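Visitor: The structure file data-v1.txt (compact mmCIF, C-alpha atoms) is provided below.
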```
# COMPACT_ATOMS: atom_id res chain seq x y z
CA MET X 1 5.03 16.68 11.41
CA SER X 2 7.08 16.31 14.56
CA GLY X 3 10.65 17.49 15.10
CA HIS X 4 12.26 20.40 13.29
CA THR X 5 15.81 20.54 14.58
CA VAL X 6 18.51 18.68 12.66
CA GLU X 7 19.00 16.24 15.53
CA GLU X 8 15.25 15.55 15.75
CA ILE X 9 15.03 14.90 12.01
CA ARG X 10 18.04 12.55 12.17
CA SER X 11 16.35 10.72 15.06
CA GLU X 12 13.20 10.34 12.90
CA MET X 13 15.34 8.94 10.07
CA ARG X 14 16.76 6.28 12.40
CA ARG X 15 13.20 5.42 13.43
CA TYR X 16 12.23 4.94 9.77
CA TRP X 17 14.93 2.30 9.39
CA VAL X 18 13.86 0.55 12.60
CA VAL X 19 10.25 0.44 11.40
CA GLY X 20 11.35 -0.73 7.94
CA THR X 21 13.29 -3.59 9.54
CA ALA X 22 10.28 -4.49 11.71
CA LEU X 23 8.10 -4.58 8.57
CA PHE X 24 10.61 -6.90 6.86
CA LEU X 25 10.60 -9.25 9.85
CA LEU X 26 6.81 -9.22 10.17
CA THR X 27 6.52 -10.10 6.46
CA VAL X 28 8.84 -13.07 6.97
CA ILE X 29 6.74 -14.14 9.99
CA THR X 30 3.53 -13.82 7.92
CA VAL X 31 4.87 -16.22 5.30
CA ALA X 32 6.34 -18.61 7.91
CA VAL X 33 3.06 -18.78 9.82
CA SER X 34 1.17 -19.59 6.61
CA TYR X 35 3.07 -22.91 6.46
CA LEU X 36 1.94 -23.91 9.97
CA ASP X 37 -0.60 -26.69 10.19
CA VAL X 38 -3.45 -24.73 11.78
CA SER X 39 -7.14 -24.39 10.98
CA GLN X 40 -8.24 -21.89 8.33
CA GLY X 41 -9.86 -19.64 10.94
CA VAL X 42 -6.70 -19.46 13.06
CA ALA X 43 -4.54 -18.84 9.96
CA ILE X 44 -6.79 -15.96 8.84
CA ALA X 45 -6.79 -14.46 12.34
CA ILE X 46 -2.98 -14.59 12.64
CA ALA X 47 -2.41 -13.19 9.13
CA LEU X 48 -4.86 -10.33 9.67
CA VAL X 49 -3.42 -9.44 13.08
CA ILE X 50 0.10 -9.24 11.59
CA ALA X 51 -1.19 -7.27 8.57
CA CYS X 52 -2.97 -4.81 10.91
CA LEU X 53 0.23 -4.45 12.94
CA LYS X 54 2.24 -3.73 9.78
CA GLY X 55 -0.41 -1.35 8.47
CA GLY X 56 -0.47 0.43 11.84
CA LEU X 57 3.31 0.91 11.74
CA VAL X 58 3.19 2.32 8.20
CA ALA X 59 0.30 4.67 9.06
CA ALA X 60 1.67 5.78 12.43
CA VAL X 61 5.33 6.32 11.53
CA PHE X 62 5.70 6.68 7.76
CA MET X 63 2.42 8.62 7.33
CA HIS X 64 3.03 10.52 10.60
CA LEU X 65 -0.41 9.71 12.02
CA ILE X 66 1.19 9.44 15.44
CA SER X 67 1.41 13.23 15.52
CA GLU X 68 -1.17 14.62 13.08
CA LYS X 69 -3.73 17.38 13.28
CA GLN X 70 -7.30 16.88 14.53
CA ALA X 71 -8.76 17.47 11.04
CA ILE X 72 -6.97 14.37 9.71
CA TYR X 73 -8.10 12.23 12.66
CA SER X 74 -11.73 13.33 12.17
CA LEU X 75 -11.52 12.54 8.46
CA LEU X 76 -10.03 9.10 9.15
CA LEU X 77 -12.64 8.31 11.80
CA LEU X 78 -15.37 8.87 9.21
CA THR X 79 -13.43 6.78 6.69
CA VAL X 80 -13.10 3.89 9.14
CA LEU X 81 -16.83 4.01 9.94
CA PHE X 82 -17.78 3.93 6.25
CA PHE X 83 -15.23 1.16 5.62
CA ILE X 84 -16.80 -0.97 8.38
CA VAL X 85 -20.25 -0.44 6.85
CA LEU X 86 -18.83 -1.35 3.44
CA MET X 87 -17.34 -4.59 4.78
CA LEU X 88 -20.20 -5.64 7.06
CA GLY X 89 -23.14 -4.34 5.02
CA PRO X 90 -23.09 -6.97 2.29
CA MET X 91 -22.42 -9.71 4.87
CA GLY X 92 -25.40 -8.53 6.93
CA GLY X 93 -27.54 -8.47 3.82
CA ARG X 94 -26.56 -12.03 2.97
CA LEU X 95 -27.28 -13.27 6.50
CA GLY X 96 -30.64 -11.48 6.41
CA SER X 97 -31.66 -13.06 3.11
CA THR X 98 -30.58 -16.49 4.43
CA ALA X 99 -32.72 -16.02 7.55
CA LEU X 100 -35.71 -15.05 5.42
CA GLY X 101 -35.22 -18.16 3.32
CA MET E 1 -3.41 34.12 -9.08
CA GLN E 2 -1.63 33.01 -5.94
CA ILE E 3 -2.69 29.57 -4.67
CA PRO E 4 -3.29 29.94 -0.92
CA TYR E 5 -1.88 27.75 1.84
CA THR E 6 0.70 25.80 -0.17
CA VAL E 7 3.25 26.26 2.60
CA GLU E 8 1.64 27.96 5.57
CA GLU E 9 -1.09 26.22 7.52
CA ARG E 10 -4.75 27.16 7.20
CA PRO E 11 -6.01 28.56 10.51
CA ASP E 12 -9.13 26.35 10.55
CA THR E 13 -7.54 22.96 9.68
CA GLY E 14 -3.98 23.54 10.88
CA LEU E 15 -2.79 21.96 7.61
CA TYR E 16 -1.50 23.16 4.27
CA ASN E 17 -4.11 22.52 1.59
CA ALA E 18 -2.32 19.79 -0.36
CA LYS E 19 -2.04 17.64 2.74
CA LEU E 20 -5.76 17.81 3.50
CA GLY E 21 -6.41 17.21 -0.19
CA VAL E 22 -4.32 14.08 -0.39
CA TRP E 23 -5.89 12.67 2.77
CA LEU E 24 -9.37 13.25 1.29
CA PHE E 25 -8.20 11.47 -1.85
CA LEU E 26 -6.81 8.57 0.22
CA ALA E 27 -10.14 8.32 2.06
CA SER E 28 -11.87 7.82 -1.31
CA GLU E 29 -9.20 5.24 -2.20
CA VAL E 30 -10.00 3.31 0.97
CA MET E 31 -13.59 3.02 -0.25
CA LEU E 32 -12.48 1.95 -3.74
CA PHE E 33 -10.27 -0.88 -2.51
CA GLY E 34 -12.71 -1.57 0.33
CA ALA E 35 -15.48 -2.30 -2.18
CA LEU E 36 -13.30 -4.89 -3.90
CA PHE E 37 -12.17 -6.39 -0.58
CA SER E 38 -15.81 -6.58 0.48
CA SER E 39 -16.66 -8.41 -2.77
CA TYR E 40 -13.81 -10.83 -2.14
CA VAL E 41 -14.95 -11.58 1.42
CA LEU E 42 -18.58 -11.91 0.33
CA LEU E 43 -17.76 -14.31 -2.51
CA ARG E 44 -15.33 -16.31 -0.41
CA THR E 45 -17.77 -16.77 2.47
CA GLY E 46 -20.88 -17.13 0.32
CA ASP E 47 -19.78 -19.42 -2.50
CA PRO E 48 -18.45 -22.83 -1.42
CA ALA E 49 -16.85 -23.33 -4.87
CA PHE E 50 -15.14 -19.92 -4.94
CA MET E 51 -11.75 -21.20 -3.79
CA THR E 52 -11.90 -24.44 -5.79
CA ILE E 53 -9.74 -24.60 -8.90
CA PRO E 54 -12.05 -25.60 -11.79
CA HIS E 55 -11.45 -29.17 -13.02
CA ALA E 56 -10.49 -28.06 -16.55
CA VAL E 57 -7.92 -25.62 -15.13
CA ALA E 58 -6.49 -28.28 -12.80
CA GLU E 59 -6.09 -30.61 -15.78
CA ALA E 60 -4.41 -27.92 -17.89
CA LEU E 61 -2.00 -27.22 -15.03
CA HIS E 62 -1.32 -30.99 -14.60
CA LEU E 63 -2.29 -30.83 -10.94
CA GLY E 64 -3.32 -34.47 -10.80
CA GLU E 65 -6.44 -36.07 -9.36
CA GLY E 66 -8.46 -34.68 -6.46
CA ALA E 67 -9.72 -31.25 -5.49
CA HIS E 68 -7.33 -28.32 -5.70
CA ARG E 69 -7.79 -24.93 -4.09
CA TRP E 70 -6.73 -21.38 -4.74
CA PRO E 71 -4.40 -19.74 -3.89
CA GLY E 72 -2.30 -22.89 -4.26
CA GLU E 73 -1.18 -22.00 -7.80
CA LEU E 74 -0.20 -18.39 -7.07
CA ASN E 75 3.49 -17.54 -6.88
CA VAL E 76 4.15 -16.85 -3.18
CA PRO E 77 7.95 -16.27 -3.48
CA LEU E 78 7.47 -13.56 -6.12
CA ALA E 79 4.70 -11.88 -4.12
CA PHE E 80 6.88 -12.09 -0.99
CA LEU E 81 9.75 -10.45 -2.89
CA ASN E 82 7.39 -7.73 -4.12
CA THR E 83 6.26 -7.08 -0.55
CA LEU E 84 9.87 -6.55 0.54
CA VAL E 85 10.49 -4.26 -2.46
CA LEU E 86 7.47 -2.10 -1.60
CA ILE E 87 8.40 -1.89 2.09
CA PHE E 88 11.93 -0.80 1.15
CA SER E 89 10.47 1.81 -1.19
CA SER E 90 8.35 3.18 1.66
CA VAL E 91 11.54 3.68 3.67
CA THR E 92 13.35 5.32 0.75
CA ILE E 93 10.57 7.80 -0.02
CA VAL E 94 10.28 8.93 3.59
CA MET E 95 14.09 9.27 3.64
CA SER E 96 13.88 11.49 0.54
CA TRP E 97 11.44 13.78 2.36
CA ALA E 98 13.64 13.83 5.48
CA SER E 99 16.66 14.68 3.29
CA LEU E 100 14.86 17.75 1.93
CA ARG E 101 14.06 18.87 5.49
CA LEU E 102 17.82 18.65 6.14
CA LYS E 103 18.39 20.74 2.96
CA GLN E 104 20.30 17.83 1.36
CA PHE E 105 19.00 17.92 -2.19
CA GLY E 106 21.57 15.42 -3.52
CA LYS E 107 20.44 12.81 -1.01
CA TYR E 108 16.82 13.57 -1.86
CA ARG E 109 17.57 12.73 -5.50
CA LEU E 110 19.26 9.48 -4.44
CA TRP E 111 16.42 8.28 -2.20
CA MET E 112 13.68 9.33 -4.61
CA GLY E 113 15.55 7.65 -7.47
CA LEU E 114 15.72 4.44 -5.43
CA THR E 115 11.98 4.69 -4.75
CA ILE E 116 11.28 4.92 -8.48
CA LEU E 117 13.60 1.98 -9.20
CA CYS E 118 11.80 -0.09 -6.54
CA ALA E 119 8.45 0.75 -8.13
CA LEU E 120 9.74 -0.29 -11.56
CA GLY E 121 11.17 -3.46 -10.00
CA PHE E 122 7.77 -4.20 -8.49
CA MET E 123 6.14 -3.82 -11.90
CA CYS E 124 8.74 -6.07 -13.56
CA ILE E 125 8.13 -8.80 -10.98
CA LYS E 126 4.39 -8.36 -11.40
CA ALA E 127 4.80 -8.65 -15.19
CA VAL E 128 6.70 -11.94 -14.77
CA GLU E 129 3.93 -13.21 -12.50
CA TYR E 130 1.12 -12.15 -14.86
CA ASN E 131 2.97 -13.56 -17.87
CA ALA E 132 3.25 -16.96 -16.17
CA LYS E 133 -0.50 -16.90 -15.45
CA PHE E 134 -1.43 -15.97 -19.00
CA SER E 135 0.90 -18.56 -20.51
CA HIS E 136 -0.90 -21.22 -18.43
CA GLY E 137 -4.26 -19.98 -19.69
CA LEU E 138 -5.19 -18.33 -16.41
CA PHE E 139 -7.24 -15.19 -17.12
CA PRO E 140 -9.76 -13.11 -15.16
CA ALA E 141 -12.58 -15.02 -16.85
CA THR E 142 -11.13 -18.40 -15.84
CA SER E 143 -12.69 -18.37 -12.37
CA ASN E 144 -14.26 -15.93 -9.92
CA PHE E 145 -11.19 -16.12 -7.69
CA LEU E 146 -8.91 -15.14 -10.58
CA GLY E 147 -11.37 -12.38 -11.52
CA ILE E 148 -11.01 -10.82 -8.05
CA TYR E 149 -7.26 -11.57 -8.00
CA PHE E 150 -6.63 -9.73 -11.30
CA ALA E 151 -9.01 -6.88 -10.40
CA LEU E 152 -7.32 -6.22 -7.04
CA THR E 153 -3.71 -6.71 -8.10
CA GLY E 154 -4.30 -4.94 -11.44
CA LEU E 155 -5.88 -1.91 -9.75
CA HIS E 156 -2.98 -1.87 -7.30
CA ALA E 157 -0.48 -2.06 -10.17
CA LEU E 158 -2.20 0.94 -11.81
CA HIS E 159 -1.63 2.84 -8.57
CA VAL E 160 2.04 1.87 -8.64
CA ILE E 161 2.29 3.24 -12.20
CA GLY E 162 0.61 6.46 -11.02
CA GLY E 163 3.17 6.69 -8.24
CA VAL E 164 6.04 6.25 -10.72
CA VAL E 165 4.68 9.12 -12.84
CA VAL E 166 4.31 11.50 -9.87
CA ASN E 167 7.60 10.52 -8.21
CA GLY E 168 9.38 10.64 -11.58
CA TYR E 169 8.11 14.19 -12.10
CA LEU E 170 9.28 15.22 -8.62
CA TRP E 171 12.68 13.58 -9.24
CA GLY E 172 13.11 15.19 -12.67
CA PRO E 173 11.45 18.34 -14.07
CA GLY E 174 9.41 19.09 -10.95
CA ALA E 175 12.57 19.32 -8.83
CA LYS E 176 13.27 22.77 -10.29
CA MET E 177 10.89 24.13 -7.66
CA TRP E 178 13.51 23.36 -4.99
CA LYS E 179 15.52 26.40 -6.14
CA THR E 180 12.63 28.86 -5.99
CA GLU E 181 10.20 27.47 -3.38
CA PRO E 182 11.99 24.84 -1.27
CA GLU E 183 9.30 24.56 1.42
CA ARG E 184 6.53 24.10 -1.11
CA PHE E 185 8.58 21.47 -2.92
CA THR E 186 9.22 19.66 0.39
CA ASN E 187 5.46 19.62 0.99
CA ARG E 188 4.87 18.19 -2.47
CA VAL E 189 7.27 15.36 -1.72
CA GLU E 190 5.53 14.75 1.61
CA VAL E 191 2.08 14.33 0.01
CA ALA E 192 3.53 12.15 -2.78
CA GLY E 193 5.01 10.05 0.04
CA LEU E 194 1.64 9.78 1.78
CA TYR E 195 0.16 8.39 -1.45
CA TRP E 196 3.05 5.97 -1.86
CA HIS E 197 2.71 4.68 1.71
CA PHE E 198 -0.97 4.06 1.00
CA VAL E 199 -0.01 1.95 -2.03
CA ASP E 200 2.30 -0.02 0.28
CA LEU E 201 -0.46 -0.31 2.90
CA VAL E 202 -2.91 -1.79 0.39
CA TRP E 203 -0.34 -4.39 -0.68
CA ILE E 204 0.32 -5.31 2.97
CA PHE E 205 -3.31 -6.49 3.15
CA LEU E 206 -3.50 -7.88 -0.41
CA PHE E 207 -0.49 -10.16 0.01
CA PRO E 208 -1.80 -12.42 2.82
CA SER E 209 -5.45 -12.16 1.70
CA LEU E 210 -4.83 -13.34 -1.86
CA TYR E 211 -1.62 -15.38 -1.73
CA LEU E 212 -1.45 -17.03 1.69
CA LEU E 213 -4.96 -17.74 3.00
```
Please render this file's structure as structure tokens.

Guide:
Amino acid sequence: MSGHTVEEIRSEMRRYWVVGTALFLLTVITVAVSYLDVSQGVAIAIALVIACLKGGLVAAVFMHLISEKQAIYSLLLLTVLFFIVLMLGPMGGRLGSTALG
Amino acid sequence: MQIPYTVEERPDTGLYNAKLGVWLFLASEVMLFGALFSSYVLLRTGDPAFMTIPHAVAEALHLGEGAHRWPGELNVPLAFLNTLVLIFSSVTIVMSWASLRLKQFGKYRLWMGLTILCALGFMCIKAVEYNAKFSHGLFPATSNFLGIYFALTGLHALHVIGGVVVNGYLWGPGAKMWKTEPERFTNRVEVAGLYWHFVDLVWIFLFPSLYLL
């Protein structure tokens, strides 16, 4: 947790509203972009980039990851690694079985 | 027995225990939702018919001739509204925590109350959406896409209900702790907030993945 004086906490509160507004706007952009006439691949890429940006804002500011302790970062690094395995593992298995016929 | 490190930080982690505990819990939650996301990606990329609305369903929905694809029949405006509601609730819950740090208990009650109302609003909107699906004969067994859709959104909705229970306790009977152990109560609200932000985070990825792409 960063900031303990009253002024620092009030500054954090203003930041929460700024981030909330940014999340609102990014959500509107996500929906607007989905109506654009682009290929499926481009649409997925744009939507995921915006979702990652929004998720990053929530995690960094609302969940205070921008100023957390090392123990939390280590835990999250492991989580991210396992999540990548979880997402890519089945895909790799499918590609492998396709290659083997 | 005194529970250790509810307020002061443990020397080895630099954290109070509940915070490390909730982050460990959230790590397990990432794997839970990750497994379902992984299934969704695998089915979507591996099954050419996964996103196709079955012919019988298209007929029942009076979609006309030709091939129709999911998520074409999902209610984007309602899901968009729910996204805004959840984002607003993330702001309100972090404001409730900040209010406690400023020793403003009345404002804490206001912001936490708004968070709970937002969560209930989310569930009401979700109920309207589900009811429309069921009344059109769209169930988890109707197609694989709907199976994943109901599993992911239903599991998320269960998490919202869990958040309402915890936040409701901290707003009501649990708030008595503020008089006796204000720092410990502030920490409880912080970890409840971390959970709630995670629920918001999951929806941020669910919304485009299921409704828009």

Visitor: Which of these residues is nearest to chain E, using only C-alpha atoms: X:Leu53, X:Ala22, X:Val42, X:Val6?

Guide: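 Of X:Leu53, X:Ala22, X:Val42, X:Val6, the one nearest chain E is X:Val6, counting only C-alpha atoms.
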
Visitor: Between CA of Gly20 (chain X) and CA of Thr5 (chain X), what is the distance, to one decimal in Å?

Guide: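 That distance, rounded to one decimal, is 22.7 Å.
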
Visitor: Could you work out which residues of chain E fall inside 7 Å of chain X? Count only C-alpha atoms, and format the result as a PyMOL selection string.

Guide: chain E and resi 13-14+27+31+34-35+38+42+84+87-88+91+94-95+98+102+194+197+201+204-205+208+212-213

Visitor: How would the residues just picked look written out with C-alpha atoms as an mmCIF file, keeping the file's coordinate frame?

Guide:
```cif
data_model
loop_
_atom_site.group_PDB
_atom_site.id
_atom_site.type_symbol
_atom_site.label_atom_id
_atom_site.label_comp_id
_atom_site.auth_asym_id
_atom_site.auth_seq_id
_atom_site.Cartn_x
_atom_site.Cartn_y
_atom_site.Cartn_z
ATOM 1 C CA THR E 13 -7.540 22.960 9.680
ATOM 2 C CA GLY E 14 -3.980 23.540 10.880
ATOM 3 C CA ALA E 27 -10.140 8.320 2.060
ATOM 4 C CA MET E 31 -13.590 3.020 -0.250
ATOM 5 C CA GLY E 34 -12.710 -1.570 0.330
ATOM 6 C CA ALA E 35 -15.480 -2.300 -2.180
ATOM 7 C CA SER E 38 -15.810 -6.580 0.480
ATOM 8 C CA LEU E 42 -18.580 -11.910 0.330
ATOM 9 C CA LEU E 84 9.870 -6.550 0.540
ATOM 10 C CA ILE E 87 8.400 -1.890 2.090
ATOM 11 C CA PHE E 88 11.930 -0.800 1.150
ATOM 12 C CA VAL E 91 11.540 3.680 3.670
ATOM 13 C CA VAL E 94 10.280 8.930 3.590
ATOM 14 C CA MET E 95 14.090 9.270 3.640
ATOM 15 C CA ALA E 98 13.640 13.830 5.480
ATOM 16 C CA LEU E 102 17.820 18.650 6.140
ATOM 17 C CA LEU E 194 1.640 9.780 1.780
ATOM 18 C CA HIS E 197 2.710 4.680 1.710
ATOM 19 C CA LEU E 201 -0.460 -0.310 2.900
ATOM 20 C CA ILE E 204 0.320 -5.310 2.970
ATOM 21 C CA PHE E 205 -3.310 -6.490 3.150
ATOM 22 C CA PRO E 208 -1.800 -12.420 2.820
ATOM 23 C CA LEU E 212 -1.450 -17.030 1.690
ATOM 24 C CA LEU E 213 -4.960 -17.740 3.000
#
```

Visitor: In Å, with one decimal, what is the gap from CA of Asn131 (chain E) to CA of Gly154 (chain E)?

Guide: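 Going from CA of Asn131 (chain E) over to CA of Gly154 (chain E) covers 13.0 Å.
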
Visitor: When you count only C-alpha atoms, which of these residues is closest to Ala157 (chain E): E:Phe33, E:Phe122, E:Phe25, E:Tyr108?

Guide: E:Phe122

Visitor: In Å to one decimal, how far is CA of Ala127 (chain E) from CA of Glu190 (chain E)?

Guide: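 These atoms are spaced 28.8 Å apart.
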
Visitor: Given 5 Å on each side, where is the centre and what are the edge lengths in Å to one decimal of the axis-aligned box enclosing the listed atoms of region 84-89 of chain X, as AutoDock Vina command-line options?

Guide:
```
--center_x -20.0 --center_y -3.0 --center_z 5.9 --size_x 16.3 --size_y 15.2 --size_z 14.9
```
